[in-house]
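Source file protein-v6.txt; content: compact mmCIF, C-alpha atoms.
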```txt
# COMPACT_ATOMS: atom_id res chain seq x y z
CA MET M 1 125.81 94.13 163.24
CA ILE M 2 127.71 95.80 160.45
CA PHE M 3 131.16 95.09 161.85
CA GLU M 4 130.50 91.35 161.46
CA LYS M 5 129.56 91.64 157.80
CA LYS M 6 131.44 92.38 154.60
CA PRO M 7 134.25 94.88 155.22
CA VAL M 8 133.71 98.43 154.09
CA SER M 9 136.00 99.52 151.27
CA SER M 10 138.99 101.49 152.47
CA SER M 11 138.49 103.91 149.59
CA SER M 12 135.67 105.54 151.57
CA SER M 13 138.21 106.78 154.07
CA LYS M 14 139.93 108.84 151.40
CA LYS M 15 139.06 112.35 150.40
CA PHE M 16 135.84 111.67 148.49
CA LYS M 17 135.13 113.39 145.20
CA SER M 18 131.63 112.15 144.44
CA PRO M 19 128.85 114.74 144.92
CA LEU M 20 126.46 111.94 145.93
CA PRO M 21 127.47 110.59 149.38
CA ARG M 22 126.46 107.04 150.30
CA GLU M 23 125.33 105.78 153.70
CA ASP M 24 128.86 104.55 154.42
CA THR M 25 130.46 107.85 153.44
CA PRO M 26 131.92 109.68 156.47
CA LEU M 27 130.22 113.02 157.12
CA ILE M 28 133.58 114.70 157.68
CA GLY M 29 135.98 113.96 154.87
CA LYS M 30 138.65 116.66 154.78
CA ALA M 31 141.83 116.27 156.79
CA LYS M 32 142.33 118.97 159.41
CA PRO M 33 145.44 120.14 161.27
CA LEU M 34 145.95 118.16 164.47
CA SER M 35 145.31 119.97 167.75
CA SER M 36 147.56 120.31 170.78
CA GLN M 37 146.36 119.43 174.27
CA SER M 38 145.62 123.06 175.13
CA LYS M 39 143.67 123.60 171.91
CA THR M 40 141.70 120.40 172.48
CA PHE M 41 140.91 121.59 176.01
CA ALA M 42 139.61 124.88 174.59
CA ASN M 43 137.65 123.11 171.85
CA VAL M 44 135.88 120.87 174.37
CA PHE M 45 135.03 123.95 176.41
CA ILE M 46 133.63 125.72 173.34
CA ALA M 47 131.66 122.65 172.22
CA VAL M 48 129.90 122.21 175.58
CA VAL M 49 129.38 125.70 177.02
CA GLY M 50 126.41 127.48 175.48
CA ALA M 51 123.28 129.47 176.18
CA GLY M 52 121.93 126.73 178.46
CA VAL M 53 124.05 128.09 181.31
CA LEU M 54 121.77 131.15 181.49
CA GLY M 55 118.86 128.95 182.62
CA LEU M 56 120.76 127.23 185.44
CA PRO M 57 119.92 129.74 188.25
CA TYR M 58 116.21 129.30 187.51
CA ALA M 59 116.64 125.52 187.44
CA LEU M 60 118.27 125.63 190.90
CA LYS M 61 115.38 127.80 192.08
CA ARG M 62 112.99 125.04 191.02
CA THR M 63 114.99 122.06 192.27
CA GLY M 64 116.69 123.60 195.30
CA TRP M 65 120.34 124.56 195.21
CA ILE M 66 121.81 121.42 196.85
CA MET M 67 119.65 119.07 194.81
CA GLY M 68 120.41 121.04 191.65
CA LEU M 69 124.17 120.99 192.21
CA LEU M 70 124.11 117.24 192.88
CA MET M 71 122.29 116.79 189.57
CA LEU M 72 124.75 118.98 187.69
CA PHE M 73 127.84 117.18 188.96
CA SER M 74 126.25 113.73 188.47
CA VAL M 75 125.26 114.54 184.89
CA ALA M 76 128.75 115.95 184.20
CA GLY M 77 130.39 112.73 185.36
CA LEU M 78 127.98 110.48 183.48
CA THR M 79 128.26 112.56 180.29
CA THR M 80 132.06 112.38 180.42
CA HIS M 81 131.90 108.60 180.87
CA CYS M 82 129.53 108.22 177.90
CA MET M 83 131.73 110.42 175.71
CA MET M 84 134.65 108.10 176.43
CA LEU M 85 132.44 105.10 175.61
CA LEU M 86 132.06 106.54 172.10
CA VAL M 87 135.82 107.06 171.79
CA CYS M 88 136.57 103.50 172.98
CA THR M 89 133.97 102.06 170.60
CA ARG M 90 135.43 103.95 167.64
CA ARG M 91 138.99 102.84 168.51
CA LYS M 92 137.87 99.22 168.76
CA LEU M 93 136.18 99.26 165.35
CA GLU M 94 139.12 100.98 163.66
CA SER M 95 141.53 98.44 165.15
CA PHE M 96 139.98 95.61 163.15
CA ASP M 97 142.24 94.24 160.40
CA ASN M 98 139.41 93.76 157.90
CA GLY M 99 139.31 97.50 157.19
CA PHE M 100 136.74 100.12 158.19
CA ALA M 101 135.98 103.49 156.72
CA LYS M 102 137.39 106.28 158.83
CA ILE M 103 134.88 106.91 161.62
CA THR M 104 134.90 110.65 162.19
CA SER M 105 131.39 111.41 163.43
CA PHE M 106 128.57 110.08 165.58
CA GLY M 107 126.62 109.15 162.45
CA ASP M 108 129.57 107.20 161.05
CA LEU M 109 129.78 105.24 164.30
CA GLY M 110 126.05 104.53 164.23
CA PHE M 111 126.41 103.13 160.70
CA ALA M 112 129.47 101.03 161.63
CA VAL M 113 127.63 99.44 164.57
CA CYS M 114 124.02 99.16 163.40
CA GLY M 115 124.03 99.92 159.68
CA THR M 116 121.54 102.30 158.09
CA VAL M 117 119.23 102.06 161.11
CA GLY M 118 122.00 103.26 163.42
CA ARG M 119 122.83 106.22 161.21
CA PHE M 120 119.13 107.07 160.81
CA VAL M 121 118.54 107.17 164.59
CA VAL M 122 121.62 109.31 165.15
CA ASP M 123 120.62 111.64 162.30
CA VAL M 124 117.10 112.12 163.69
CA LEU M 125 118.35 112.90 167.18
CA ILE M 126 120.98 115.32 165.88
CA ILE M 127 118.33 117.11 163.80
CA LEU M 128 116.02 117.42 166.79
CA SER M 129 118.77 118.53 169.17
CA GLN M 130 120.33 121.12 166.85
CA ALA M 131 116.95 122.49 165.80
CA GLY M 132 115.95 122.51 169.47
CA PHE M 133 118.99 124.59 170.36
CA CYS M 134 118.00 127.10 167.66
CA VAL M 135 114.43 127.27 168.96
CA GLY M 136 115.93 128.11 172.35
CA TYR M 137 118.05 130.82 170.74
CA LEU M 138 114.99 132.50 169.22
CA ILE M 139 113.12 132.29 172.52
CA PHE M 140 116.06 133.89 174.31
CA ILE M 141 116.42 136.67 171.73
CA ALA M 142 112.69 137.46 171.70
CA ASN M 143 112.26 137.38 175.49
CA THR M 144 115.41 139.43 176.10
CA LEU M 145 114.49 142.15 173.59
CA THR M 146 110.95 142.22 174.98
CA ASN M 147 112.27 142.75 178.51
CA LEU M 148 114.62 145.47 177.31
CA PHE M 149 112.36 147.49 175.03
CA ASN M 150 108.76 146.29 175.27
CA ASN M 151 108.30 145.24 178.85
CA GLU M 152 104.84 146.74 179.06
CA ILE M 153 103.75 146.53 175.42
CA SER M 154 101.31 143.86 174.31
CA MET M 155 99.00 144.14 171.36
CA THR M 156 96.05 141.82 171.05
CA SER M 157 93.69 141.33 168.20
CA SER M 158 90.37 139.53 168.16
CA LEU M 159 89.65 136.95 165.49
CA SER M 160 86.26 135.50 164.63
CA SER M 161 87.39 132.07 165.85
CA GLY M 162 88.72 133.36 169.13
CA MET M 163 91.45 135.51 170.62
CA SER M 164 94.95 135.69 169.19
CA SER M 165 97.79 137.33 171.08
CA PHE M 166 100.14 139.32 168.87
CA THR M 167 102.90 140.12 171.33
CA ALA M 168 106.23 141.87 171.20
CA LYS M 169 107.88 138.43 171.38
CA SER M 170 106.26 137.35 168.11
CA LEU M 171 107.30 140.63 166.48
CA TYR M 172 110.96 140.03 167.35
CA ILE M 173 110.85 136.41 166.15
CA TRP M 174 109.30 137.41 162.82
CA GLY M 175 111.71 140.34 162.66
CA CYS M 176 114.62 137.88 162.82
CA PHE M 177 113.03 135.60 160.22
CA PRO M 178 114.01 137.34 156.93
CA PHE M 179 117.57 137.92 158.14
CA GLN M 180 117.87 134.27 159.17
CA LEU M 181 116.66 133.25 155.72
CA GLY M 182 119.56 135.22 154.28
CA LEU M 183 122.18 133.88 156.70
CA ASN M 184 121.00 130.30 156.31
CA SER M 185 121.10 130.62 152.52
CA ILE M 186 124.90 130.76 152.60
CA ALA M 187 126.12 127.48 151.11
CA THR M 188 129.41 127.52 153.02
CA LEU M 189 129.75 128.91 156.52
CA THR M 190 133.47 129.69 156.21
CA HIS M 191 132.81 133.42 156.56
CA LEU M 192 130.59 132.88 159.61
CA ALA M 193 133.01 130.55 161.41
CA PRO M 194 134.94 133.37 163.17
CA LEU M 195 131.67 134.38 164.78
CA SER M 196 131.81 131.23 166.90
CA ILE M 197 134.84 132.72 168.65
CA PHE M 198 132.92 135.95 169.17
CA ALA M 199 130.02 133.91 170.55
CA ASP M 200 132.16 132.26 173.22
CA VAL M 201 133.83 135.56 174.18
CA VAL M 202 130.40 137.13 174.63
CA ASP M 203 129.18 134.14 176.64
CA LEU M 204 132.15 134.34 179.01
CA GLY M 205 131.81 138.13 179.25
CA ALA M 206 128.12 137.87 180.07
CA MET M 207 128.80 135.21 182.69
CA GLY M 208 131.46 137.45 184.22
CA VAL M 209 129.12 140.44 184.42
CA VAL M 210 126.31 138.34 185.90
CA LEU M 211 128.65 136.78 188.48
CA PHE M 212 129.91 140.22 189.51
CA GLU M 213 126.32 141.45 189.86
CA ASP M 214 125.39 138.31 191.82
CA VAL M 215 128.22 138.70 194.33
CA SER M 216 127.41 142.40 194.79
CA LEU M 217 123.76 141.64 195.54
CA ILE M 218 124.58 138.74 197.86
CA LEU M 219 126.86 141.02 199.93
CA LYS M 220 124.08 143.60 200.21
CA GLN M 221 121.14 141.33 200.89
CA ARG M 222 120.60 137.63 201.46
CA HIS M 223 117.47 136.00 200.07
CA GLU M 224 115.76 132.95 201.47
CA VAL M 225 116.68 129.97 199.32
CA MET M 226 115.51 126.37 199.10
CA ALA M 227 117.94 123.45 199.37
CA PHE M 228 115.73 120.60 198.11
CA GLY M 229 112.76 120.97 195.80
CA GLY M 230 111.36 117.48 196.12
CA LEU M 231 110.92 114.53 193.80
CA SER M 232 108.34 116.33 191.65
CA VAL M 233 111.01 118.54 190.05
CA PHE M 234 113.69 115.84 189.74
CA PHE M 235 113.09 115.12 186.06
CA TYR M 236 112.85 118.83 185.26
CA GLY M 237 116.26 119.48 186.82
CA MET M 238 117.84 116.48 185.11
CA GLY M 239 116.57 117.68 181.74
CA VAL M 240 118.12 121.12 182.17
CA ALA M 241 121.40 119.60 183.39
CA VAL M 242 121.62 117.20 180.44
CA TYR M 243 120.92 120.07 178.03
CA ALA M 244 123.64 122.20 179.63
CA PHE M 245 126.30 119.51 179.12
CA GLU M 246 125.23 118.39 175.65
CA GLY M 247 128.27 118.13 173.39
CA THR M 248 128.41 114.40 172.77
CA GLY M 249 128.12 114.78 169.01
CA MET M 250 131.43 116.68 168.88
CA VAL M 251 133.58 114.30 170.92
CA LEU M 252 134.63 112.01 168.02
CA PRO M 253 135.73 114.85 165.69
CA LEU M 254 137.62 116.49 168.57
CA GLU M 255 139.42 113.27 169.52
CA SER M 256 140.33 112.48 165.92
CA GLU M 257 141.87 115.97 165.50
CA MET M 258 144.12 115.65 168.57
CA LYS M 259 147.84 114.99 168.08
CA ASP M 260 148.24 112.68 171.09
CA THR M 261 144.93 110.84 171.30
CA SER M 262 146.13 108.76 174.25
CA LYS M 263 145.72 111.83 176.46
CA PHE M 264 142.27 112.77 175.21
CA GLY M 265 140.50 111.15 178.18
CA LYS M 266 142.51 113.22 180.64
CA ILE M 267 141.90 116.45 178.72
CA LEU M 268 138.18 115.69 178.43
CA ALA M 269 137.88 114.99 182.16
CA LEU M 270 139.69 118.23 183.05
CA SER M 271 137.51 120.25 180.68
CA MET M 272 134.26 118.76 181.94
CA GLY M 273 135.38 119.17 185.54
CA LEU M 274 136.10 122.87 185.02
CA ILE M 275 132.82 123.38 183.16
CA SER M 276 130.83 121.69 185.93
CA LEU M 277 132.45 123.95 188.55
CA ILE M 278 131.67 127.04 186.47
CA TYR M 279 128.10 125.88 185.92
CA GLY M 280 127.63 125.09 189.59
CA GLY M 281 129.02 128.43 190.75
CA PHE M 282 127.05 130.38 188.14
CA GLY M 283 123.78 128.65 188.96
CA ALA M 284 124.14 128.82 192.75
CA LEU M 285 125.27 132.45 192.89
CA GLY M 286 122.49 133.50 190.52
CA TYR M 287 119.88 131.84 192.72
CA PHE M 288 121.41 133.20 195.94
CA ALA M 289 121.41 136.73 194.51
CA PHE M 290 117.77 136.87 193.43
CA GLY M 291 116.07 134.10 195.39
CA ALA M 292 112.40 133.56 194.52
CA GLU M 293 112.58 136.38 191.95
CA THR M 294 115.07 134.51 189.74
CA ASN M 295 113.85 134.62 186.12
CA ASP M 296 114.04 131.79 183.59
CA ILE M 297 116.80 133.77 181.82
CA ILE M 298 119.12 135.16 184.50
CA THR M 299 120.12 138.21 182.44
CA ALA M 300 116.52 139.42 182.78
CA ASN M 301 117.28 139.97 186.48
CA LEU M 302 120.03 142.46 185.74
CA GLY M 303 119.12 146.00 186.67
CA ALA M 304 118.75 148.81 184.18
CA GLY M 305 121.99 150.33 182.98
CA LEU M 306 124.34 150.60 180.05
CA VAL M 307 126.49 147.59 180.95
CA SER M 308 123.45 145.37 181.55
CA THR M 309 121.87 146.42 178.26
CA LEU M 310 125.10 145.86 176.31
CA VAL M 311 125.54 142.39 177.83
CA GLN M 312 122.01 141.35 176.91
CA LEU M 313 122.27 142.80 173.41
CA GLY M 314 125.64 141.10 172.96
CA LEU M 315 124.13 137.75 173.88
CA CYS M 316 121.28 138.30 171.42
CA ILE M 317 123.74 139.13 168.62
CA ASN M 318 125.82 136.10 169.61
CA LEU M 319 122.86 133.70 169.37
CA PHE M 320 121.54 135.40 166.23
CA PHE M 321 124.74 134.59 164.33
CA SER M 322 125.13 131.19 166.04
CA PHE M 323 121.78 130.13 164.58
CA PRO M 324 123.08 129.21 161.07
CA LEU M 325 126.15 127.54 162.57
CA MET M 326 123.99 125.29 164.76
CA MET M 327 121.60 124.53 161.91
CA ASN M 328 124.40 123.49 159.54
CA PRO M 329 124.50 119.83 160.71
CA VAL M 330 120.74 119.71 160.12
CA TYR M 331 121.16 120.96 156.56
CA GLU M 332 123.93 118.45 155.88
CA ILE M 333 121.74 115.54 156.99
CA ILE M 334 118.51 116.71 155.31
CA GLU M 335 120.24 117.55 152.02
CA ARG M 336 122.13 114.25 152.05
CA ARG M 337 118.94 112.26 152.57
CA PHE M 338 116.46 114.20 150.44
CA TRP M 339 118.50 116.15 147.87
CA GLY M 340 121.38 113.86 146.98
CA GLY M 341 123.87 115.79 149.10
CA SER M 342 123.43 118.94 147.03
CA TYR M 343 122.60 122.43 148.24
CA CYS M 344 118.83 123.09 148.45
CA LEU M 345 117.63 126.60 149.25
CA TRP M 346 113.93 125.87 149.73
CA LEU M 347 114.62 123.05 152.19
CA ARG M 348 116.75 125.39 154.30
CA TRP M 349 114.09 128.09 154.25
CA LEU M 350 111.41 125.57 155.22
CA LEU M 351 113.48 124.42 158.21
CA VAL M 352 114.03 128.01 159.36
CA LEU M 353 110.27 128.59 159.13
CA ILE M 354 109.50 125.47 161.19
CA VAL M 355 112.01 126.45 163.89
CA SER M 356 110.54 129.97 164.06
CA LEU M 357 106.98 128.65 164.37
CA VAL M 358 107.94 126.33 167.22
CA ALA M 359 109.65 129.22 169.05
CA LEU M 360 106.43 131.24 168.90
CA PHE M 361 104.52 128.69 170.95
CA VAL M 362 107.07 128.05 173.73
CA PRO M 363 106.73 130.66 176.47
CA ASN M 364 109.50 129.70 178.89
CA PHE M 365 113.21 129.37 178.04
CA ALA M 366 114.18 127.08 180.93
CA ASP M 367 111.16 124.79 180.43
CA PHE M 368 112.19 124.34 176.81
CA LEU M 369 115.76 123.51 177.91
CA SER M 370 114.31 120.73 180.05
CA LEU M 371 112.21 119.42 177.16
CA VAL M 372 115.13 119.23 174.71
CA GLY M 373 117.46 117.86 177.37
CA SER M 374 115.03 115.10 178.32
CA SER M 375 113.61 114.16 174.94
CA VAL M 376 116.71 114.30 172.73
CA CYS M 377 119.91 114.85 174.68
CA CYS M 378 119.31 111.83 176.94
CA GLY M 379 119.25 109.66 173.83
CA LEU M 380 122.37 111.21 172.29
CA GLY M 381 124.28 111.58 175.54
CA PHE M 382 123.41 108.38 177.43
CA VAL M 383 121.40 105.75 175.55
CA LEU M 384 123.28 105.51 172.23
CA PRO M 385 126.87 105.67 173.58
CA ALA M 386 126.19 102.90 176.11
CA LEU M 387 124.22 100.84 173.57
CA PHE M 388 126.92 101.07 170.88
CA HIS M 389 129.61 100.20 173.44
CA LEU M 390 127.61 97.19 174.63
CA LEU M 391 127.06 95.89 171.09
CA VAL M 392 130.74 96.16 170.12
CA PHE M 393 132.27 94.90 173.41
CA LYS M 394 129.56 92.37 174.37
CA GLU M 395 131.93 89.39 174.14
CA GLU M 396 134.63 91.08 176.22
CA LEU M 397 132.58 92.71 178.97
CA GLY M 398 132.18 91.01 182.31
CA TRP M 399 128.97 91.16 184.31
CA LYS M 400 130.01 94.51 185.77
CA GLY M 401 130.49 96.02 182.31
CA TRP M 402 127.17 94.62 181.11
CA THR M 403 125.42 95.93 184.21
CA LEU M 404 126.92 99.39 183.80
CA ASP M 405 126.05 99.73 180.10
CA VAL M 406 122.55 98.32 180.52
CA GLY M 407 122.05 100.55 183.56
CA ILE M 408 123.04 103.67 181.59
CA VAL M 409 120.71 102.75 178.72
CA THR M 410 117.85 102.15 181.17
CA LEU M 411 118.55 105.37 183.04
CA GLY M 412 118.63 107.34 179.79
CA LEU M 413 115.30 105.88 178.67
CA VAL M 414 113.62 106.52 182.03
CA LEU M 415 114.93 110.09 182.21
CA GLY M 416 113.98 110.67 178.59
CA VAL M 417 110.38 109.47 178.83
CA SER M 418 109.61 110.85 182.29
CA GLY M 419 111.45 114.12 181.76
CA THR M 420 109.77 114.72 178.40
CA TRP M 421 106.34 114.19 179.92
CA TYR M 422 107.05 116.50 182.83
CA ALA M 423 108.54 119.22 180.61
CA LEU M 424 105.53 119.08 178.26
CA MET M 425 103.19 119.43 181.23
CA GLU M 426 105.10 122.51 182.35
CA ILE M 427 105.07 124.10 178.89
CA LEU M 428 101.38 123.33 178.28
CA SER M 429 100.46 124.15 181.91
CA ILE M 430 98.73 120.81 182.38
CA LYS M 431 98.03 120.04 186.00
CA VAL M 432 97.78 116.39 186.91
```
Can the structure from this file be put into structure tokens for me?
Amino acid sequence: MIFEKKPVSSSSSKKFKSPLPREDTPLIGKAKPLSSQSKTFANVFIAVVGAGVLGLPYALKRTGWIMGLLMLFSVAGLTTHCMMLLVCTRRKLESFDNGFAKITSFGDLGFAVCGTVGRFVVDVLIILSQAGFCVGYLIFIANTLTNLFNNEISMTSSLSSGMSSFTAKSLYIWGCFPFQLGLNSIATLTHLAPLSIFADVVDLGAMGVVLFEDVSLILKQRHEVMAFGGLSVFFYGMGVAVYAFEGTGMVLPLESEMKDTSKFGKILALSMGLISLIYGGFGALGYFAFGAETNDIITANLGAGLVSTLVQLGLCINLFFSFPLMMNPVYEIIERRFWGGSYCLWLRWLLVLIVSLVALFVPNFADFLSLVGSSVCCGLGFVLPALFHLLVFKEELGWKGWTLDVGIVTLGLVLGVSGTWYALMEILSIKV
């Protein structure tokens, strides 16, 4: 392991000036103002809460509301534990007297523990997860606009090799494409950063409107709901839950920016507890309100009206401008590995094209959440944190610690493989 080899030069922890980053160069080099407890609480909330919450009512419809809630709360607790494993591992490495580069990101930690292989694995998973989020954004935008304006429009054209469906969804995805090329061409996202605040305000506003609509419908009419969906949908539900709580990659930067890091664990637990309650209430009320008619995107269940339309359009605008923000970590990694850390326009455009093409072939928003949650987020959220912790603390852990870390790694691998297979079957409509 790297921490047993030659110490890394302390100069790499300084503000680097070289335009060509090395493997041991931290991804985040500029010092930032330290955050108070309240700001850290808000930052954790912002880092975790995203568009995945809109697929929770449909997930509870599939899994049953009691089974779904148990999954949500279990995943919330396990994710919080694994986030703290990363923090403890980083603190242990930085406490060594032989000098380590400042570990400010998940990739830095992977390099400190496992060398270039560790950073490579983390980089690949971050690329897949961030790109996966953006695919989900395009699916949401296209499906929402189709439901609003083209609910009954579908144009089909016949090709000599078969039938090709040219739907309203594809029109909206390709309509976003040239604008996304422009937004993603911006070398620095400083001017787009304030839009992240707008995104979270819109998310909370949309959740508020949906909750109000849910309660109103529940008071008027009660639908028949299912409590347990059976073992066949277990992996599907776990995938959606893991996706909804994915924010592991941000925990190290958030902890390093906090003034009193000794209280980070408490703040993280409070934030994740509140988020899990909000998720649980949002998912359960959405399912109770619409029952078997719950759509994969809950906003599609909102009735016609000005407020409903504005909420859905606001969410689309939110995700449209969040796209380049979410893709930025992907650009940083790809440009560092293939373009010497320099800005590369054609690589960015190619990645936007790939993401758009993938979005065209995924019909269901919630099914895609399950796929990303199972295939990528299980690795980032469960497997790697427990594995890194085990490698660094292996000589200090008792049999209980070993059992817990090995158990989490095993659970993450089982959920990842099984959940990915199940999600792919759902997306491709393969019946076994």
Tell me which protein, DNA and RNA residues are within 10 Å of stretch 369-371 of chain M, counting only C-alpha atoms, leaving out same-chain ones fewer than 2 positions away, and put them as a ChimeraX atom specification.
-> /M:51-52,55-56,59,132-133,135-136,235-244,364-367,373-377,416,419-427
Output C-alpha atoms for every residue in that selection, as an mmCIF file, in the frame of the given file.
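Everything below was put into part12.cif:
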```
data_model
loop_
_atom_site.group_PDB
_atom_site.id
_atom_site.type_symbol
_atom_site.label_atom_id
_atom_site.label_comp_id
_atom_site.auth_asym_id
_atom_site.auth_seq_id
_atom_site.Cartn_x
_atom_site.Cartn_y
_atom_site.Cartn_z
ATOM 1 C CA ALA M 51 123.280 129.470 176.180
ATOM 2 C CA GLY M 52 121.930 126.730 178.460
ATOM 3 C CA GLY M 55 118.860 128.950 182.620
ATOM 4 C CA LEU M 56 120.760 127.230 185.440
ATOM 5 C CA ALA M 59 116.640 125.520 187.440
ATOM 6 C CA GLY M 132 115.950 122.510 169.470
ATOM 7 C CA PHE M 133 118.990 124.590 170.360
ATOM 8 C CA VAL M 135 114.430 127.270 168.960
ATOM 9 C CA GLY M 136 115.930 128.110 172.350
ATOM 10 C CA PHE M 235 113.090 115.120 186.060
ATOM 11 C CA TYR M 236 112.850 118.830 185.260
ATOM 12 C CA GLY M 237 116.260 119.480 186.820
ATOM 13 C CA MET M 238 117.840 116.480 185.110
ATOM 14 C CA GLY M 239 116.570 117.680 181.740
ATOM 15 C CA VAL M 240 118.120 121.120 182.170
ATOM 16 C CA ALA M 241 121.400 119.600 183.390
ATOM 17 C CA VAL M 242 121.620 117.200 180.440
ATOM 18 C CA TYR M 243 120.920 120.070 178.030
ATOM 19 C CA ALA M 244 123.640 122.200 179.630
ATOM 20 C CA ASN M 364 109.500 129.700 178.890
ATOM 21 C CA PHE M 365 113.210 129.370 178.040
ATOM 22 C CA ALA M 366 114.180 127.080 180.930
ATOM 23 C CA ASP M 367 111.160 124.790 180.430
ATOM 24 C CA GLY M 373 117.460 117.860 177.370
ATOM 25 C CA SER M 374 115.030 115.100 178.320
ATOM 26 C CA SER M 375 113.610 114.160 174.940
ATOM 27 C CA VAL M 376 116.710 114.300 172.730
ATOM 28 C CA CYS M 377 119.910 114.850 174.680
ATOM 29 C CA GLY M 416 113.980 110.670 178.590
ATOM 30 C CA GLY M 419 111.450 114.120 181.760
ATOM 31 C CA THR M 420 109.770 114.720 178.400
ATOM 32 C CA TRP M 421 106.340 114.190 179.920
ATOM 33 C CA TYR M 422 107.050 116.500 182.830
ATOM 34 C CA ALA M 423 108.540 119.220 180.610
ATOM 35 C CA LEU M 424 105.530 119.080 178.260
ATOM 36 C CA MET M 425 103.190 119.430 181.230
ATOM 37 C CA GLU M 426 105.100 122.510 182.350
ATOM 38 C CA ILE M 427 105.070 124.100 178.890
#
```
Can you work out which one of M:Ser74, M:Ser308, M:Ser38, M:Thr80 has the shortest atom-to-atom distance to M:Phe212, counting only C-alpha atoms?
-> M:Ser308
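The space between atom CA of M:Tyr343 and atom CA of M:Phe140 spans 29.2 Å.
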Of the candidates M:Leu148, M:Val210, M:Val75, M:Val383, which one gets nearest to M:Ile298 if we count all atoms listed in the file?
-> M:Val210
Which neighbours of M:Gly118 fall inside 10 Å, counting only C-alpha atoms, when residues of the same chain fewer than 6 positions from it are skipped, and could you give them as a PyMOL selection string?
-> chain M and resi 1-2+106-112+384+388
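Going from atom CA of M:Gly305 to atom CA of M:Thr167 covers 24.6 Å.
If all atoms listed in the file are the atoms counted, then among M:Glu246, M:Asp214, M:Asp405, M:Asp260 the closest residue to M:Pro57 is M:Asp214.
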Tell me, as number ranges by chain, which residues lie within 10 Å of M:Leu171, counting all atoms listed in the file; anything in the same chain fewer than 6 positions away does not count.
-> M: 142, 146, 177, 360
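Using all atoms listed in the file, the shortest contact distance between M:Cys378 and any of M:Trp399, M:Phe290, M:Phe264, M:Phe245 is found at M:Phe245.
Counting from atom CA of M:Val392, the distance to atom CA of M:Phe45 is 28.8 Å.
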Write out as number ranges by chain the residues lying within 7 Å of M:His223, counting only C-alpha atoms and excluding same-chain residues fewer than 6 positions away.
-> M: 288-291
Counting all atoms listed in the file, which of M:Asn43, M:Thr248, M:Ser256, M:Ser216 gets nearest to M:Ile103?
-> M:Ser256
Tell me, as a PyMOL selection string, which residues lie within 12 Å of M:Gly205, counting all atoms listed in the file; anything in the same chain fewer than 5 positions away does not count.
-> chain M and resi 198-200+210-212+307-308+310-312+314-315+318
Take every atom of stretch 275-286 of chain M listed in the file, pad by 6 Å on each side, and give me the axis-aligned box centre and edge lengths in Å, one decimal, as lines of an AutoDock Vina configuration file.
```
center_x = 127.7
center_y = 127.6
center_z = 188.0
size_x = 22.3
size_y = 23.8
size_z = 21.7
```
Name the closest residue to M:Cys316 among the candidates M:Ile278, M:Leu69, M:Leu93, M:Ile173; distances are taken between atoms, counting all atoms listed in the file.
-> M:Ile173
